[in-house]
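S.K.: Could you have a look at this structure, given as structure tokens, before my questions?
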Amino acid sequence: MNYFELFGLPISLKVETSSLAKKYFELQREFHPDFYTQSDETEQQDALEKSAEINKGLKILQNPDATLLYVLQLKNLLTENEKYELPPEFLMDMMELNEKLVEQDPDSFSKEVAQLEENLQSEVKEIIDQYDNESISEENLQKLKEFYFKKKYLQRILDRITD
């Protein structure tokens, strides 16, 4: 069972947060370990594991980047620690951005990075907005995968600003 099934939601890149929250509280009322303190050890352990799974699912489905990663993994398009080859022009842009990081003040630099991130998002906005798990093309899935890795790369640069 995947997290979408666990929460009774369709596989999507834009999770309906009110439905997610409602189902989360329903599941926690059913499986929270505090309700199993009088049960035998096996039931207590099962409730603990189920509650942990519910919490992990909530955390993933509340975060759009984590949801994208999770859907790509469900589609078997992404493996953990995968080395993805980004387009050379993107890497050149990132190299220039890294150089600017040294030269510019963080506020000015952050605005430029935000604009880059917005540009990346616009490339896949329609795919994300109209995502249909059953009919999405392989081409669009690959665009989402590339977007994921580009955004991850950009996030590493942003993390350097805050360090």
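Labels used: A, B, ... for chains in the order of the structure tokens, numbers from 1 for residues in each chain, and numbers from 1 for ligands as shown.
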I'd like the contact shell of Asn81 in chain A - 12 Å cut-off, only C-alpha atoms, skipping same-chain residues fewer than 4 positions apart - returned as a list in words.
M.R.: Leu69, Gln73 and Phe149 of chain A
S.K.: Restricted to C-alpha atoms, what would the selected residues look like written as a compact mmCIF listing (two decimals), in the first residue's frame?
M.R.:
```
# COMPACT_ATOMS: atom_id res chain seq x y z
CA LEU A 69 9.97 12.48 -5.44
CA GLN A 73 9.60 6.52 -7.16
CA PHE A 149 16.91 17.14 -10.21
```
S.K.: Can you tell me which residues surround range 47-51 of chain A at a distance of at most 6 Å, considering only C-alpha atoms, apart from same-chain residues fewer than 6 positions away, and format the answer as an mmCIF file with C-alpha atoms, in the first residue's frame?
M.R.:
```cif
data_model
loop_
_atom_site.group_PDB
_atom_site.id
_atom_site.type_symbol
_atom_site.label_atom_id
_atom_site.label_comp_id
_atom_site.auth_asym_id
_atom_site.auth_seq_id
_atom_site.Cartn_x
_atom_site.Cartn_y
_atom_site.Cartn_z
ATOM 1 C CA PHE A 31 -3.925 3.558 15.132
ATOM 2 C CA HIS A 32 -2.281 5.897 17.635
ATOM 3 C CA PRO A 33 -0.154 3.814 20.032
#
```
S.K.: Set the distance at 8 Å and use only C-alpha atoms: which residues neighbour Ile54 in chain A once local chain neighbours fewer than 3 positions away are removed? I'd like the list as an MDAnalysis selection string.
M.R.: chainID A and resid 3 6 24 27:28 50:51 57:58
S.K.: Looking at A:Glu16, A:Ser135, A:Tyr148, A:Met1, which one is nearest to Glu82 in chain A, with distances taken over only C-alpha atoms?
M.R.: A:Tyr148
S.K.: Measure the distance from CA of Thr79 in chain A to CA of Ile128 in chain A in Å and round it to one decimal.
M.R.: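 For CA of Thr79 in chain A relative to CA of Ile128 in chain A, the distance reads 20.5 Å.
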S.K.: Need the shell around Asp132 in chain A: protein/DNA/RNA residues with any atom at most 12 Å away, counting only C-alpha atoms. Skip same-chain ones fewer than 3 positions apart. Format as an MDAnalysis selection string?
M.R.: chainID A and resid 10:14 71 126:129 135:137 140:141
S.K.: I need the residue nearest Asp46 in chain A from this list: A:Glu30, A:Leu101, A:Ile60, A:Asn2. Use only C-alpha atoms for the distance.
M.R.: A:Glu30
S.K.: Rounded to one decimal, what separation in Å do you get between CA of Tyr131 in chain A and CA of Glu117 in chain A?
M.R.: 20.1 Å
S.K.: Which residues of range 2-115 of chain A come within 9 Å of range 152-160 of chain A, and for each one, what is the closest pair of atoms and their distance in Å to one decimal, counting only C-alpha atoms, sorted by chain and residue number, as CSV?
M.R.:
```
residue,atom,partner,partner_atom,distance
A:Asp65,CA,A:Lys152,CA,9.0
A:Met94,CA,A:Leu154,CA,7.6
A:Leu97,CA,A:Ile157,CA,8.4
A:Asn98,CA,A:Ile157,CA,7.2
A:Leu101,CA,A:Ile157,CA,8.5
A:Ser110,CA,A:Leu158,CA,7.6
A:Val113,CA,A:Leu158,CA,7.6
```
S.K.: Please compute the CA of Ala66 in chain A-CA of Asp93 in chain A distance, one decimal, in Å.
M.R.: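 Computing the Euclidean distance for CA of Ala66 in chain A and CA of Asp93 in chain A yields 24.7 Å.
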S.K.: Which parts of range 18-151 of chain A does DSSP call alpha helix (DSSP H) when run on the backbone here, written out as number ranges by chain?
M.R.: A: 18-31, 41-62, 64-74, 88-103, 106-129, 138-151
S.K.: With distances taken over only C-alpha atoms, which of A:Leu86, A:Val102, A:Ala114, A:Leu91 is nearest to Phe147 in chain A?
M.R.: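 Of all the options, A:Leu86 lies closest to Phe147 in chain A.
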S.K.: Using only C-alpha atoms, which residue out of A:Lys100, A:Gln115, A:Met95, A:Lys75 lies closest to Glu134 in chain A?
M.R.: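 Comparing A:Lys100, A:Gln115, A:Met95, A:Lys75 against Glu134 in chain A, the winner is A:Lys75.
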